[in-house]
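Worksheet: one structure, shown below.
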Amino acid sequence: MNDCVLRFDAEKAREACTEILAALSQPGNVERLARARELAGTDMVKVMREVFPIVTQIQLEVIQRFGFPGDGEGAAQFLQLVRSLEKEDGEVGRLSDQLRAHFLPPMTAPIHSIPTSTPQCNGAPQQ
């Protein structure tokens, strides 16, 4: 791990996450992501194939400026450090949640997965 990564703190995490979100919001990237999301719909396999690589590429371009390698290992290091900092800094957590939303499609529960009866505990209905 290089020296820049070793000095990665909550302030740097906020800065990196903000820069990634800004890069994702650039018009060219917004268009690329919109096309990818349209192709993928809510199919998670298609999201992984179409959307995930674009978001990852944009993230890798940014995290390199913070000393992380521009590869899968760098992305894993970055995500691991951000996750550890989320617990101590609410703003890092908020920004990280926004980033995660770019990786995952909005999900809705299928109708058949909604319980139609009241849950029971030891055979007695719960109140």
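The way I read the labels, and the way they are meant: chains A, B, ... in the order of the structure tokens, residue 1 as the first residue of every chain, and ligand 1 as the first ligand shown, with later ones counted on from there.
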
Could you name the residues that touch Leu85 (chain A) at 9 Å or less, counting only C-alpha atoms, but leaving out those on the same chain fewer than 4 positions away, as number ranges by chain? A: 9-10, 13, 80-81, 89-90, 92-93

Using only C-alpha atoms, which protein or nucleic acid residues come within 12 Å of Glu50 (chain A)? Drop anything in the same chain fewer than 5 positions from it, and give the result as an mmCIF file with N, CA and C atoms, in the first residue's frame.
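The result, stored in result.cif:
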```cif
data_model
loop_
_atom_site.group_PDB
_atom_site.id
_atom_site.type_symbol
_atom_site.label_atom_id
_atom_site.label_comp_id
_atom_site.auth_asym_id
_atom_site.auth_seq_id
_atom_site.Cartn_x
_atom_site.Cartn_y
_atom_site.Cartn_z
ATOM 1 N N ARG A 32 -23.978 8.059 -20.957
ATOM 2 C CA ARG A 32 -23.508 6.671 -21.035
ATOM 3 C C ARG A 32 -24.241 5.797 -20.022
ATOM 4 N N LEU A 33 -24.381 6.302 -18.811
ATOM 5 C CA LEU A 33 -25.055 5.527 -17.774
ATOM 6 C C LEU A 33 -26.545 5.365 -18.058
ATOM 7 N N ALA A 34 -27.173 6.397 -18.598
ATOM 8 C CA ALA A 34 -28.603 6.301 -18.929
ATOM 9 C C ALA A 34 -28.834 5.224 -19.990
ATOM 10 N N ARG A 35 -27.973 5.204 -21.008
ATOM 11 C CA ARG A 35 -28.103 4.158 -22.035
ATOM 12 C C ARG A 35 -27.892 2.772 -21.437
ATOM 13 N N ALA A 36 -26.882 2.643 -20.592
ATOM 14 C CA ALA A 36 -26.593 1.349 -19.970
ATOM 15 C C ALA A 36 -27.746 0.906 -19.071
ATOM 16 N N ARG A 37 -28.299 1.835 -18.307
ATOM 17 C CA ARG A 37 -29.416 1.487 -17.417
ATOM 18 C C ARG A 37 -30.660 1.109 -18.222
ATOM 19 N N GLU A 38 -30.850 1.795 -19.333
ATOM 20 C CA GLU A 38 -31.996 1.456 -20.179
ATOM 21 C C GLU A 38 -31.849 0.041 -20.734
ATOM 22 N N LEU A 39 -30.652 -0.296 -21.176
ATOM 23 C CA LEU A 39 -30.396 -1.660 -21.668
ATOM 24 C C LEU A 39 -30.584 -2.698 -20.572
ATOM 25 N N ALA A 40 -30.169 -2.364 -19.363
ATOM 26 C CA ALA A 40 -30.189 -3.325 -18.263
ATOM 27 C C ALA A 40 -31.562 -3.465 -17.613
ATOM 28 N N GLY A 41 -32.313 -2.391 -17.581
ATOM 29 C CA GLY A 41 -33.581 -2.429 -16.858
ATOM 30 C C GLY A 41 -33.328 -2.746 -15.396
ATOM 31 N N THR A 42 -34.132 -3.639 -14.826
ATOM 32 C CA THR A 42 -33.927 -4.039 -13.430
ATOM 33 C C THR A 42 -33.332 -5.429 -13.320
ATOM 34 N N ASP A 43 -32.860 -5.963 -14.438
ATOM 35 C CA ASP A 43 -32.217 -7.281 -14.450
ATOM 36 C C ASP A 43 -30.808 -7.144 -13.878
ATOM 37 N N MET A 44 -30.568 -7.728 -12.717
ATOM 38 C CA MET A 44 -29.301 -7.546 -12.017
ATOM 39 C C MET A 44 -28.115 -8.042 -12.843
ATOM 40 N N VAL A 45 -28.273 -9.122 -13.581
ATOM 41 C CA VAL A 45 -27.172 -9.630 -14.420
ATOM 42 C C VAL A 45 -26.828 -8.606 -15.499
ATOM 43 N N VAL A 55 -19.519 2.590 -14.175
ATOM 44 C CA VAL A 55 -19.356 3.236 -12.874
ATOM 45 C C VAL A 55 -17.970 2.924 -12.307
ATOM 46 N N THR A 56 -17.548 1.682 -12.462
ATOM 47 C CA THR A 56 -16.226 1.279 -11.966
ATOM 48 C C THR A 56 -15.119 2.041 -12.672
ATOM 49 N N GLN A 57 -15.214 2.168 -13.987
ATOM 50 C CA GLN A 57 -14.195 2.895 -14.749
ATOM 51 C C GLN A 57 -14.091 4.345 -14.272
ATOM 52 N N PHE A 103 -24.264 1.979 -8.492
ATOM 53 C CA PHE A 103 -23.911 0.614 -8.861
ATOM 54 C C PHE A 103 -25.129 -0.295 -8.942
ATOM 55 N N LEU A 104 -26.123 -0.030 -8.118
ATOM 56 C CA LEU A 104 -27.268 -0.922 -8.011
ATOM 57 C C LEU A 104 -28.539 -0.252 -8.520
ATOM 58 N N PRO A 105 -29.363 -1.016 -9.230
ATOM 59 C CA PRO A 105 -30.623 -0.434 -9.715
ATOM 60 C C PRO A 105 -31.623 -0.325 -8.578
#
```

Who sits within 12 Å of Asp97 (chain A), only C-alpha atoms, same chain under 2 positions skipped, as a ChimeraX atom specification: /A:14,17-18,21,79,82-83,86,90-95,99-104

What lies within 12 Å of Glu73 (chain A) using only C-alpha atoms, ignoring chain neighbours under 2 positions off, as a ChimeraX atom specification? /A:1,56,60,63-64,68-71,75-80

For a test of reading the model, state the distance in Å between CA of Gly28 (chain A) and CA of Lys12 (chain A), rounded to one decimal.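 Pair CA of Gly28 (chain A) / CA of Lys12 (chain A) returns 25.6 Å.
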
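As for CA of Glu88 (chain A) and CA of Ala16 (chain A), they are spaced 16.5 Å apart.
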
Counting only C-alpha atoms, the option among A:Phe66, A:Gln59, A:Lys87, A:Gly72 closest to Glu15 (chain A):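 Smallest separation from Glu15 (chain A) among the options: A:Phe66.
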
Using only C-alpha atoms for the distances, tell me which of A:Ile54, A:Gly67, A:Ser96, A:Gly74 is nearest to Ala23 (chain A). A:Ile54
